[in-house]
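Structure first, then comments.
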Amino acid sequence: MKINVCSVMVDDQEKALRFYTEVLGFQKKTEFPVGEARWLTVVSPEQPDGVELALEPDGHPAAKPF
């Protein structure tokens with residue numbers, strides 16, 4: 001079994017993207033619009049085909065408990 005994508009709930013996708021890329025050193029892998037948000041993933045530059053972190057907006061009510 002292999003994990004390909006792991007979700008990270010964020011309140012601001014653009015701010016999260018800057019943090020993960022500029023501060024932590026990840027690189028953007030995928031970005032395309034999905035309604036009002038984006039499907040946005042980042043990966044480690046050492047493993048570009050490794051686990052992707054999906055920066056998911058936390059605006060949905062189901063995200064509040066997380």
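If you're wondering about the labels, chains in the structure tokens are A, B, ... by order shown, residues count from 1 in each chain, ligands from 1 in order shown.
Neighbours of Cys6 in chain A closer than or equal to 8 Å, with only C-alpha atoms counted and sequence neighbours fewer than 6 positions away skipped, come out as A:Val51, A:Glu52, A:Leu53, A:Ala54.
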**Message:** Residues within 7 Å of Lys29 in chain A, please, as a VMD selection string. Count only C-alpha atoms; anything in the same chain fewer than 4 positions from it doesn't count.
**Reply:** chain A and resid 41 to 43
Write out, as a short mmCIF file (atom, residue, chain, number, x, y, z; two decimals), in the first residue's frame, the residues just selected, with all heavy atoms.
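Dumped everything to again_12.cif:
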data_model
loop_
_atom_site.label_atom_id
_atom_site.label_comp_id
_atom_site.auth_asym_id
_atom_site.auth_seq_id
_atom_site.Cartn_x
_atom_site.Cartn_y
_atom_site.Cartn_z
N THR A 41 -1.35 21.07 -5.03
CA THR A 41 -0.49 20.14 -4.31
C THR A 41 0.96 20.60 -4.37
O THR A 41 1.39 21.27 -5.31
CB THR A 41 -0.58 18.71 -4.86
OG1 THR A 41 -0.04 18.65 -6.17
CG2 THR A 41 -2.01 18.19 -4.85
N VAL A 42 1.71 20.21 -3.35
CA VAL A 42 3.15 20.46 -3.28
C VAL A 42 3.85 19.14 -2.97
O VAL A 42 3.25 18.23 -2.41
CB VAL A 42 3.52 21.52 -2.22
CG1 VAL A 42 2.95 22.87 -2.59
CG2 VAL A 42 3.07 21.12 -0.83
N VAL A 43 5.12 19.07 -3.37
CA VAL A 43 5.93 17.86 -3.15
C VAL A 43 7.32 18.26 -2.70
O VAL A 43 7.76 19.40 -2.89
CB VAL A 43 6.04 17.00 -4.42
CG1 VAL A 43 4.70 16.40 -4.82
CG2 VAL A 43 6.64 17.76 -5.57
#
**Prompt:** Using only C-alpha atoms, which residue out of A:Met1, A:Asp12, A:Asp49, A:Asp58 lies closest to Thr30 in chain A?
**Reply:**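 The answer is A:Asp49, which sits nearest to Thr30 in chain A.
When DSSP is run on the backbone, the residues of range 33-65 of chain A that fall into strand (DSSP E) are Pro33, Val34, Ala37, Arg38, Trp39, Leu40, Thr41, Val42, Val43, Glu52, Leu53, Ala54, Leu55, Glu56 and Pro57 of chain A.
CA of Asn4 in chain A sits 15.6 Å away from CA of Phe26 in chain A.
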Residues of chain A in alpha helix (DSSP H), written as a short mmCIF file (atom, residue, chain, number, x, y, z; two decimals) with N, CA and C atoms, in the first residue's frame:
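Below is the file that was written, states.cif:
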data_model
loop_
_atom_site.label_atom_id
_atom_site.label_comp_id
_atom_site.auth_asym_id
_atom_site.auth_seq_id
_atom_site.Cartn_x
_atom_site.Cartn_y
_atom_site.Cartn_z
N GLN A 13 -5.24 29.38 0.64
CA GLN A 13 -4.39 28.56 -0.21
C GLN A 13 -3.15 29.30 -0.70
N GLU A 14 -3.28 30.57 -1.04
CA GLU A 14 -2.13 31.32 -1.54
C GLU A 14 -1.08 31.49 -0.45
N LYS A 15 -1.52 31.84 0.75
CA LYS A 15 -0.60 31.99 1.88
C LYS A 15 0.07 30.65 2.20
N ALA A 16 -0.70 29.58 2.17
CA ALA A 16 -0.15 28.25 2.45
C ALA A 16 0.87 27.85 1.38
N LEU A 17 0.56 28.15 0.12
CA LEU A 17 1.51 27.83 -0.95
C LEU A 17 2.83 28.56 -0.75
N ARG A 18 2.78 29.84 -0.41
CA ARG A 18 4.01 30.61 -0.16
C ARG A 18 4.78 29.99 1.01
#
**Request:** Considering only C-alpha atoms, state which residue in the set A:Val10, A:Ile3, A:Pro33, A:Gly25 is at the smallest distance from Glu46 in chain A.
**Result:**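 Of A:Val10, A:Ile3, A:Pro33, A:Gly25, the one nearest Glu46 in chain A, counting only C-alpha atoms, is A:Gly25.
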**Request:** Work out how far apart CA of Glu36 in chain A and CA of Gly59 in chain A are and give it in Å to one decimal.
**Result:** 10.7 Å
**Request:** Determine, counting only C-alpha atoms, which protein, DNA and RNA residues have an atom within 12 Å of an atom of Ala63 in chain A; residues of the same chain fewer than 5 positions away are not included. Present the result as a PyMOL selection string.
**Result:** chain A and resi 7-11+56-58
**Asked** CA of Phe19 in chain A and CA of Pro61 in chain A, how far apart in Å?
**Response**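 Taking CA of Pro61 in chain A and CA of Phe19 in chain A, their separation equals 24.3 Å.
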